[in-house]
>>> print(open('structure.cif').read())   # mmCIF, C-alpha atoms
data_upload
loop_
_atom_site.label_atom_id
_atom_site.label_comp_id
_atom_site.auth_asym_id
_atom_site.auth_seq_id
_atom_site.Cartn_x
_atom_site.Cartn_y
_atom_site.Cartn_z
CA MET A 1 -7.55 21.80 24.49
CA SER A 2 -6.14 18.98 22.44
CA ASP A 3 -3.51 16.76 23.88
CA LEU A 4 -1.78 16.56 20.55
CA ASP A 5 1.83 17.56 20.60
CA PRO A 6 4.54 17.43 17.93
CA GLU A 7 6.30 14.38 19.29
CA THR A 8 3.14 12.41 19.79
CA PHE A 9 1.91 13.27 16.35
CA ASP A 10 5.23 12.36 14.82
CA SER A 11 5.45 9.01 16.51
CA ARG A 12 1.87 8.03 15.79
CA LYS A 13 1.16 9.48 12.41
CA TYR A 14 2.14 6.47 10.37
CA VAL A 15 0.87 3.95 12.83
CA GLU A 16 -2.10 4.54 15.08
CA ASP A 17 -3.14 7.78 13.45
CA PHE A 18 -2.48 6.64 9.94
CA PRO A 19 -6.16 6.12 9.08
CA LYS A 20 -6.82 9.71 10.10
CA LEU A 21 -4.07 10.94 7.88
CA GLN A 22 -5.40 8.93 5.01
CA ARG A 23 -8.86 10.25 5.52
CA ALA A 24 -7.60 13.82 5.60
CA TYR A 25 -5.57 13.41 2.44
CA LYS A 26 -8.34 11.60 0.67
CA ASN A 27 -10.93 14.23 1.56
CA ALA A 28 -8.61 16.97 0.44
CA PHE A 29 -7.93 15.13 -2.78
CA GLU A 30 -11.61 14.76 -3.52
CA THR A 31 -12.33 18.38 -2.80
CA MET A 32 -9.50 19.47 -5.04
CA ASN A 33 -10.36 17.01 -7.75
CA ASP A 34 -13.90 18.36 -7.90
CA ALA A 35 -12.83 21.96 -8.03
CA TYR A 36 -9.66 22.04 -10.09
CA ASP A 37 -8.02 20.53 -13.12
CA SER A 38 -8.08 16.85 -12.37
CA GLU A 39 -4.90 16.08 -14.22
CA LEU A 40 -3.02 18.69 -12.26
CA VAL A 41 -4.49 17.53 -8.99
CA HIS A 42 -3.47 13.96 -9.74
CA ALA A 43 0.02 15.08 -10.65
CA ILE A 44 0.37 17.02 -7.41
CA ASP A 45 -0.93 14.05 -5.50
CA GLN A 46 1.42 11.61 -7.12
CA ARG A 47 4.49 13.69 -7.67
CA VAL A 48 4.59 16.28 -4.93
CA LEU A 49 2.55 15.04 -2.00
CA ASN A 50 4.14 11.63 -2.24
CA GLU A 51 7.25 13.28 -0.85
CA SER A 52 5.46 15.47 1.60
CA GLU A 53 5.43 15.17 5.32
CA PRO A 54 2.67 16.30 7.63
CA LEU A 55 3.97 17.95 10.76
CA TYR A 56 2.35 19.37 13.83
CA GLU A 57 4.15 22.43 15.10
CA ASP A 58 3.21 25.29 17.34
CA GLY A 59 -0.33 24.11 17.63
CA ALA A 60 -0.91 23.83 13.91
CA PHE A 61 -0.49 21.35 11.11
CA ARG A 62 2.00 22.05 8.41
CA ILE A 63 2.76 20.13 5.25
CA ASP A 64 6.41 19.97 4.45
CA LEU A 65 6.75 19.82 0.67
CA PRO A 66 9.63 18.62 -1.46
CA GLU A 67 11.64 21.07 -3.50
CA ASN A 68 10.89 21.94 -7.08
CA PRO A 69 7.25 20.98 -7.27
CA HIS A 70 7.03 22.50 -10.71
CA ASP A 71 9.72 20.21 -12.08
CA ARG A 72 8.10 17.26 -10.45
CA VAL A 73 4.77 17.94 -12.04
CA THR A 74 6.10 18.75 -15.47
CA ASP A 75 8.32 15.66 -15.36
CA ALA A 76 5.12 13.74 -15.07
CA GLY A 77 4.05 15.19 -18.37
CA VAL A 78 1.64 17.77 -17.03
CA LEU A 79 2.27 21.17 -18.51
CA VAL A 80 1.35 23.94 -16.17
CA ASP A 81 2.77 27.36 -15.50
CA GLU A 82 4.38 28.09 -12.21
CA GLU A 83 1.73 30.49 -11.10
CA LYS A 84 -1.12 28.12 -11.65
CA LEU A 85 0.72 25.30 -9.97
CA SER A 86 1.64 27.44 -7.04
CA GLY A 87 -1.93 28.60 -6.55
CA THR A 88 -3.34 25.10 -6.83
CA LEU A 89 -0.73 23.63 -4.57
CA ASP A 90 -1.28 26.29 -1.93
CA ARG A 91 -4.97 25.60 -2.00
CA TYR A 92 -4.35 21.86 -1.82
CA VAL A 93 -2.09 22.24 1.19
CA ASP A 94 -4.62 24.49 2.90
CA GLU A 95 -7.22 21.86 2.26
CA ILE A 96 -5.11 19.07 3.75
CA GLU A 97 -4.33 21.15 6.81
CA ALA A 98 -8.00 21.93 7.28
CA GLU A 99 -8.87 18.26 6.93
CA LEU A 100 -6.20 17.34 9.43
CA ARG A 101 -7.62 19.80 11.91
CA SER A 102 -10.99 18.27 11.35
CA VAL A 103 -10.02 14.61 11.69
CA PHE A 104 -7.94 15.38 14.75
CA ASP A 105 -10.78 17.40 16.24
CA LEU A 106 -8.77 20.55 16.42
CA ASP A 107 -11.27 22.72 14.67
CA GLY A 108 -12.26 25.71 16.66
CA GLU A 109 -9.35 25.60 19.00
CA MET B 1 -3.45 11.15 -18.35
CA ALA B 2 -2.32 10.15 -15.04
CA HIS B 3 -3.33 6.67 -14.51
CA LYS B 4 -3.32 4.27 -17.24
CA ARG B 5 -2.66 0.85 -16.29
CA PRO B 6 -0.53 -1.09 -18.63
CA THR B 7 -0.67 -4.67 -17.80
CA GLY B 8 2.43 -5.77 -19.47
CA ALA B 9 4.40 -8.80 -18.77
CA ALA B 10 6.86 -8.54 -16.02
CA THR B 11 10.28 -7.63 -17.20
CA PRO B 12 11.33 -10.69 -19.04
CA ARG B 13 14.85 -11.82 -18.60
CA SER B 14 16.56 -15.02 -19.17
CA GLY B 15 15.45 -17.57 -16.71
CA ALA B 16 18.85 -18.47 -15.41
CA GLU B 17 19.73 -14.88 -14.91
CA VAL B 18 16.66 -14.23 -12.92
CA GLN B 19 17.16 -17.26 -10.79
CA ARG B 20 20.67 -16.37 -9.92
CA SER B 21 20.35 -12.72 -9.50
CA LYS B 22 20.32 -11.43 -6.02
CA THR B 23 17.90 -8.90 -7.21
CA VAL B 24 14.37 -10.06 -7.21
CA ARG B 25 12.10 -8.39 -9.64
CA ARG B 26 8.44 -7.79 -9.41
CA GLN B 27 7.19 -10.00 -6.73
CA THR B 28 3.59 -9.32 -6.30
CA VAL B 29 2.35 -9.04 -2.83
CA GLY B 30 0.19 -11.91 -1.96
CA MET B 31 1.89 -14.37 -4.19
CA SER B 32 4.93 -14.93 -2.25
CA THR B 33 6.12 -18.30 -3.18
CA GLU B 34 7.93 -17.79 -6.38
CA ALA B 35 11.47 -17.03 -7.14
CA GLN B 36 12.88 -17.67 -3.85
CA ASP B 37 16.34 -18.52 -2.89
CA GLY B 38 15.74 -18.87 0.74
CA ASP B 39 13.78 -15.78 0.36
CA ASP B 40 12.56 -15.02 3.71
CA LEU B 41 13.23 -11.31 3.37
CA GLN B 42 10.93 -11.04 0.45
CA ASP B 43 8.20 -12.82 2.34
CA ARG B 44 8.67 -10.54 5.28
CA ILE B 45 8.30 -7.49 3.10
CA THR B 46 5.22 -8.96 1.53
CA ASN B 47 3.72 -9.77 4.88
CA PHE B 48 4.68 -6.40 6.26
CA LEU B 49 2.75 -4.70 3.49
CA ARG B 50 -0.21 -6.95 3.76
CA ARG B 51 -0.43 -6.72 7.49
CA ASN B 52 0.17 -3.04 7.92
CA PHE B 53 -1.41 -1.63 4.82
CA PRO B 54 -4.57 -3.56 4.18
CA GLN B 55 -6.05 -0.32 2.91
CA ILE B 56 -4.17 -0.81 -0.30
CA GLN B 57 -6.14 -3.81 -1.33
CA MET B 58 -9.31 -2.55 0.22
CA HIS B 59 -9.17 0.34 -2.16
CA GLY B 60 -8.63 -1.81 -5.16
CA GLY B 61 -4.96 -1.10 -5.23
CA SER B 62 -1.97 -3.31 -5.31
CA ALA B 63 1.52 -3.34 -3.95
CA ALA B 64 4.30 -5.23 -5.59
CA ILE B 65 7.95 -5.60 -4.85
CA GLN B 66 9.44 -4.34 -8.02
CA ASN B 67 13.01 -4.62 -7.08
CA LEU B 68 14.85 -5.90 -4.07
CA ASP B 69 18.54 -5.60 -3.60
CA ARG B 70 19.67 -7.49 -0.58
CA GLU B 71 23.18 -6.18 -0.65
CA THR B 72 22.30 -2.53 -0.47
CA GLY B 73 19.08 -3.05 1.44
CA GLU B 74 17.11 -1.21 -1.19
CA VAL B 75 13.61 -2.14 -2.12
CA THR B 76 11.27 -0.60 -4.63
CA ILE B 77 7.59 -0.99 -4.09
CA MET B 78 5.19 -0.32 -6.89
CA LEU B 79 1.74 0.77 -5.89
CA GLY B 80 -0.70 0.19 -8.63
CA GLY B 81 -4.32 -0.29 -9.36
CA ALA B 82 -6.55 2.30 -7.82
CA CYS B 83 -3.65 3.51 -5.72
CA SER B 84 -2.37 5.74 -8.41
CA GLY B 85 -5.23 8.12 -8.13
CA CYS B 86 -7.03 7.73 -4.91
CA GLY B 87 -5.58 10.51 -2.85
CA ILE B 88 -4.25 8.31 -0.12
CA SER B 89 -1.24 6.97 -1.89
CA PRO B 90 1.04 9.84 -0.89
CA MET B 91 0.54 9.08 2.77
CA THR B 92 0.72 5.38 2.16
CA ILE B 93 4.04 5.79 0.43
CA GLN B 94 5.43 7.87 3.25
CA ALA B 95 4.19 5.44 5.82
CA ILE B 96 5.68 2.46 4.00
CA LYS B 97 9.00 4.23 3.69
CA THR B 98 9.09 5.30 7.28
CA ARG B 99 7.94 2.09 8.84
CA MET B 100 9.62 -0.48 6.70
CA VAL B 101 13.13 0.66 7.48
CA LYS B 102 12.29 0.57 11.15
CA GLU B 103 10.55 -2.75 11.19
CA ILE B 104 12.66 -4.72 8.74
CA PRO B 105 16.26 -4.16 9.74
CA GLU B 106 17.73 -5.41 6.48
CA ILE B 107 15.98 -2.68 4.58
CA GLU B 108 17.88 0.56 4.38
CA THR B 109 16.06 2.41 1.66
CA VAL B 110 12.57 2.18 0.32
CA HIS B 111 11.53 3.57 -3.00
CA ALA B 112 7.87 3.64 -3.73
CA ASP B 113 6.18 4.55 -6.90
CA THR B 114 2.70 4.69 -8.16
CA GLY B 115 3.82 4.32 -11.72
CA MET B 116 2.46 7.62 -12.83
CA ASP B 117 4.04 8.12 -16.16
CA GLY B 118 6.46 10.75 -16.92
CA GLY B 119 10.10 11.15 -17.33
CA GLY B 120 10.93 10.44 -13.79
CA GLY B 121 11.75 6.91 -14.35
CA GLY B 122 9.31 4.34 -13.47
CA ASP B 123 8.45 3.57 -17.10
CA ALA B 124 5.18 1.90 -17.16
CA GLY B 125 6.44 -1.46 -16.43
CA GLY B 126 3.12 -3.01 -16.01
CA MET B 127 1.18 -3.53 -12.94
CA SER B 128 0.27 -6.86 -11.76
CA PRO B 129 -2.85 -7.22 -9.86
CA SER B 130 -1.96 -8.28 -6.44
CA PHE B 131 -3.10 -8.63 -2.95
CA PRO B 132 -5.54 -11.26 -3.97
CA SER B 133 -8.38 -9.97 -2.05
CA GLU B 134 -9.17 -13.10 -0.24
CA THR B 135 -6.70 -12.90 2.51
CA THR B 136 -4.36 -15.69 3.27
CA GLU B 137 -3.95 -19.11 2.02
CA ASP B 138 -1.05 -20.80 3.46
CA ASP B 139 1.50 -18.36 4.34
CA GLY B 140 0.91 -16.60 7.40
CA ASP B 141 -0.70 -17.42 10.52
CA ALA B 142 -1.67 -14.23 12.12
CA GLY B 143 0.18 -12.36 9.53
CA ALA B 144 -2.47 -11.39 7.15
CA ASP B 145 -5.40 -10.67 9.20
CA GLU B 146 -4.82 -8.22 11.83
CA GLY B 147 -7.94 -6.24 11.87
CA PRO B 148 -7.69 -4.33 8.67
CA GLN B 149 -10.12 -1.53 8.70
CA ALA B 150 -10.68 0.81 5.93
CA PRO B 151 -10.82 4.24 7.39
CA PHE B 152 -13.50 5.38 5.05
#
>>> encode(input="structure.cif", output="structure tokens")
Amino acid sequence: MSDLDPETFDSRKYVEDFPKLQRAYKNAFETMNDAYDSELVHAIDQRVLNESEPLYEDGAFRIDLPENPHDRVTDAGVLVDEEKLSGTLDRYVDEIEAELRSVFDLDGE
Amino acid sequence: MAHKRPTGAATPRSGAEVQRSKTVRRQTVGMSTEAQDGDDLQDRITNFLRRNFPQIQMHGGSAAIQNLDRETGEVTIMLGGACSGCGISPMTIQAIKTRMVKEIPEIETVHADTGMDGGGGGDAGGMSPSFPSETTEDDGDAGADEGPQAPF
């Protein structure tokens, strides 16, 4: 059983655990960039995830996203329909959460 | 495309205006000895970034103070270079925002941008290379070399 808890994660995530977070986000980015439209993945990375917040709640990671991701991406000049964005973003978030579980050794718990 | 890197000149203004303004524009991290009017705050921000986020330069990125307003406590940090497409900038931005307001009391609000183009503002004002990759020269005793370790 992991000793990770929401408060500990929150207090450490941008300090001691920051390299883990970076690794998780970077791995997720690379996976997504290989599999999906690179321009869209970059736009999500730069325009949506830059306002995201990783949280650890109820024994699981969750990525809190900003509102209006579609506007954020299209404001960056990337034209994409809502459905495609939503699907890609969901997959991206799943990927980050999976990477977080992995770097925090929570896989299989 | 997402990351073009215009290397334009830094927002030219009249010299006197720049000197007098309380707003300091585009101070590149790592070159912290220009444009100072007793500018300790700017140095502290620069050192804060260099000390706490060595990953930026290790990844070929850069961090520059684009705008600093002492009166409102607002600072805008521009992340450039490889940062605009490396997948770690979102977390780096959040970490800078979260930690800087805690660790530098004068700072109330941090804006950070990777300069990705698009309507949102940040026009491509040009990205200066920064964080000269050879650590410190004169400014900073322990400041610049606290065990930076690239996580990957």
>>> resolve_selection(input="structure.cif", expression="the PyMOL selection byres ((chain A) within 8 of (chain B))", output="ChimeraX atom specification")
/A:14-15,18-23,25-30,39,42-43,45-46,49-53,75-77
>>> write_last_selection(input="structure.cif", atoms="C-alpha atoms", output="PDB file, in the frame of the given file")
ATOM      1  CA  TYR A  14       2.140   6.470  10.370  1.00  0.00           C
ATOM      2  CA  VAL A  15       0.870   3.950  12.830  1.00  0.00           C
ATOM      3  CA  PHE A  18      -2.480   6.640   9.940  1.00  0.00           C
ATOM      4  CA  PRO A  19      -6.160   6.120   9.080  1.00  0.00           C
ATOM      5  CA  LYS A  20      -6.820   9.710  10.100  1.00  0.00           C
ATOM      6  CA  LEU A  21      -4.070  10.940   7.880  1.00  0.00           C
ATOM      7  CA  GLN A  22      -5.400   8.930   5.010  1.00  0.00           C
ATOM      8  CA  ARG A  23      -8.860  10.250   5.520  1.00  0.00           C
ATOM      9  CA  TYR A  25      -5.570  13.410   2.440  1.00  0.00           C
ATOM     10  CA  LYS A  26      -8.340  11.600   0.670  1.00  0.00           C
ATOM     11  CA  ASN A  27     -10.930  14.230   1.560  1.00  0.00           C
ATOM     12  CA  ALA A  28      -8.610  16.970   0.440  1.00  0.00           C
ATOM     13  CA  PHE A  29      -7.930  15.130  -2.780  1.00  0.00           C
ATOM     14  CA  GLU A  30     -11.610  14.760  -3.520  1.00  0.00           C
ATOM     15  CA  GLU A  39      -4.900  16.080 -14.220  1.00  0.00           C
ATOM     16  CA  HIS A  42      -3.470  13.960  -9.740  1.00  0.00           C
ATOM     17  CA  ALA A  43       0.020  15.080 -10.650  1.00  0.00           C
ATOM     18  CA  ASP A  45      -0.930  14.050  -5.500  1.00  0.00           C
ATOM     19  CA  GLN A  46       1.420  11.610  -7.120  1.00  0.00           C
ATOM     20  CA  LEU A  49       2.550  15.040  -2.000  1.00  0.00           C
ATOM     21  CA  ASN A  50       4.140  11.630  -2.240  1.00  0.00           C
ATOM     22  CA  GLU A  51       7.250  13.280  -0.850  1.00  0.00           C
ATOM     23  CA  SER A  52       5.460  15.470   1.600  1.00  0.00           C
ATOM     24  CA  GLU A  53       5.430  15.170   5.320  1.00  0.00           C
ATOM     25  CA  ASP A  75       8.320  15.660 -15.360  1.00  0.00           C
ATOM     26  CA  ALA A  76       5.120  13.740 -15.070  1.00  0.00           C
ATOM     27  CA  GLY A  77       4.050  15.190 -18.370  1.00  0.00           C
TER      28      GLY A  77
END
>>> residues_around(input="structure.cif", residues="Ala24 (chain A)", least_positions_apart="6", cutoff="8 Å", atoms="only C-alpha atoms", output="list in words")
Ile96, Glu99, Leu100 and Val103 of chain A
>>> write_last_selection(input="structure.cif", atoms="C-alpha atoms", output="tab-separated table (two decimals), in the frame of the given file")
chain	number	residue	atom	x	y	z
A	96	ILE	CA	-5.11	19.07	3.75
A	99	GLU	CA	-8.87	18.26	6.93
A	100	LEU	CA	-6.20	17.34	9.43
A	103	VAL	CA	-10.02	14.61	11.69
>>> closest_residue(input="structure.cif", among="B:Leu41, B:Leu49, B:Met100, B:Ile107", to="Leu79 (chain B)", atoms="all atoms listed in the file")
B:Leu49
>>> atom_distance(input="structure.cif", atom1="CA of Asp5 (chain A)", atom2="CA of Glu97 (chain A)")
15.5 Å
>>> resolve_selection(input="structure.cif", expression="the PyMOL selection byres ((chain A and resi 85) around 10)", output="PyMOL selection string")
chain A and resi 40-41+44+69-70+73+79-84+86-91
>>> atom_distance(input="structure.cif", atom1="CA of Pro54 (chain B)", atom2="CA of Met32 (chain A)")
25.3 Å
>>> atom_distance(input="structure.cif", atom1="CA of Phe9 (chain A)", atom2="CA of Gly80 (chain B)")
28.3 Å
>>> resolve_selection(input="structure.cif", expression="the PyMOL selection byres ((chain A and resi 63) around 6)", output="ChimeraX atom specification")
/A:53-54,62,64
>>> build_atoms(input="structure.cif", residues="region 35-58 of chain A", atoms="N, CA and C atoms", output="CSV table (one decimal), keeping the file's coordinate frame")
chain,number,residue,atom,x,y,z
A,35,ALA,N,-12.8,20.5,-7.8
A,35,ALA,CA,-12.8,22.0,-8.0
A,35,ALA,C,-11.8,22.4,-9.0
A,36,TYR,N,-10.8,21.6,-9.2
A,36,TYR,CA,-9.7,22.0,-10.1
A,36,TYR,C,-9.4,21.0,-11.2
A,37,ASP,N,-8.5,21.4,-12.0
A,37,ASP,CA,-8.0,20.5,-13.1
A,37,ASP,C,-7.6,19.2,-12.6
A,38,SER,N,-8.3,18.2,-13.0
A,38,SER,CA,-8.1,16.8,-12.4
A,38,SER,C,-6.7,16.3,-12.7
A,39,GLU,N,-6.2,16.6,-13.9
A,39,GLU,CA,-4.9,16.1,-14.2
A,39,GLU,C,-3.8,16.7,-13.4
A,40,LEU,N,-4.0,18.0,-13.1
A,40,LEU,CA,-3.0,18.7,-12.3
A,40,LEU,C,-3.1,18.2,-10.8
A,41,VAL,N,-4.3,18.0,-10.4
A,41,VAL,CA,-4.5,17.5,-9.0
A,41,VAL,C,-3.9,16.1,-8.8
A,42,HIS,N,-4.1,15.3,-9.8
A,42,HIS,CA,-3.5,14.0,-9.7
A,42,HIS,C,-1.9,14.1,-9.7
A,43,ALA,N,-1.4,15.0,-10.6
A,43,ALA,CA,0.0,15.1,-10.6
A,43,ALA,C,0.6,15.6,-9.3
A,44,ILE,N,-0.1,16.5,-8.7
A,44,ILE,CA,0.4,17.0,-7.4
A,44,ILE,C,0.3,15.9,-6.4
A,45,ASP,N,-0.8,15.2,-6.4
A,45,ASP,CA,-0.9,14.0,-5.5
A,45,ASP,C,0.2,13.0,-5.6
A,46,GLN,N,0.5,12.7,-6.9
A,46,GLN,CA,1.4,11.6,-7.1
A,46,GLN,C,2.9,12.0,-7.1
A,47,ARG,N,3.1,13.3,-7.5
A,47,ARG,CA,4.5,13.7,-7.7
A,47,ARG,C,5.0,14.7,-6.6
A,48,VAL,N,4.1,15.3,-5.9
A,48,VAL,CA,4.6,16.3,-4.9
A,48,VAL,C,4.2,15.8,-3.5
A,49,LEU,N,3.0,15.5,-3.3
A,49,LEU,CA,2.6,15.0,-2.0
A,49,LEU,C,3.1,13.7,-1.6
A,50,ASN,N,3.6,12.9,-2.6
A,50,ASN,CA,4.1,11.6,-2.2
A,50,ASN,C,5.5,11.8,-1.5
A,51,GLU,N,6.0,13.0,-1.6
A,51,GLU,CA,7.2,13.3,-0.8
A,51,GLU,C,7.0,14.3,0.2
A,52,SER,N,5.8,14.5,0.6
A,52,SER,CA,5.5,15.5,1.6
A,52,SER,C,5.4,14.8,3.0
A,53,GLU,N,5.4,15.7,3.9
A,53,GLU,CA,5.4,15.2,5.3
A,53,GLU,C,4.5,16.1,6.2
A,54,PRO,N,3.5,15.5,6.7
A,54,PRO,CA,2.7,16.3,7.6
A,54,PRO,C,3.3,16.5,9.0
A,55,LEU,N,3.3,17.7,9.5
A,55,LEU,CA,4.0,18.0,10.8
A,55,LEU,C,3.0,18.7,11.6
A,56,TYR,N,3.2,18.6,12.9
A,56,TYR,CA,2.4,19.4,13.8
A,56,TYR,C,3.3,20.2,14.7
A,57,GLU,N,3.2,21.5,14.5
A,57,GLU,CA,4.2,22.4,15.1
A,57,GLU,C,3.4,23.7,15.6
A,58,ASP,N,3.8,24.1,16.8
A,58,ASP,CA,3.2,25.3,17.3
A,58,ASP,C,1.7,25.3,17.3
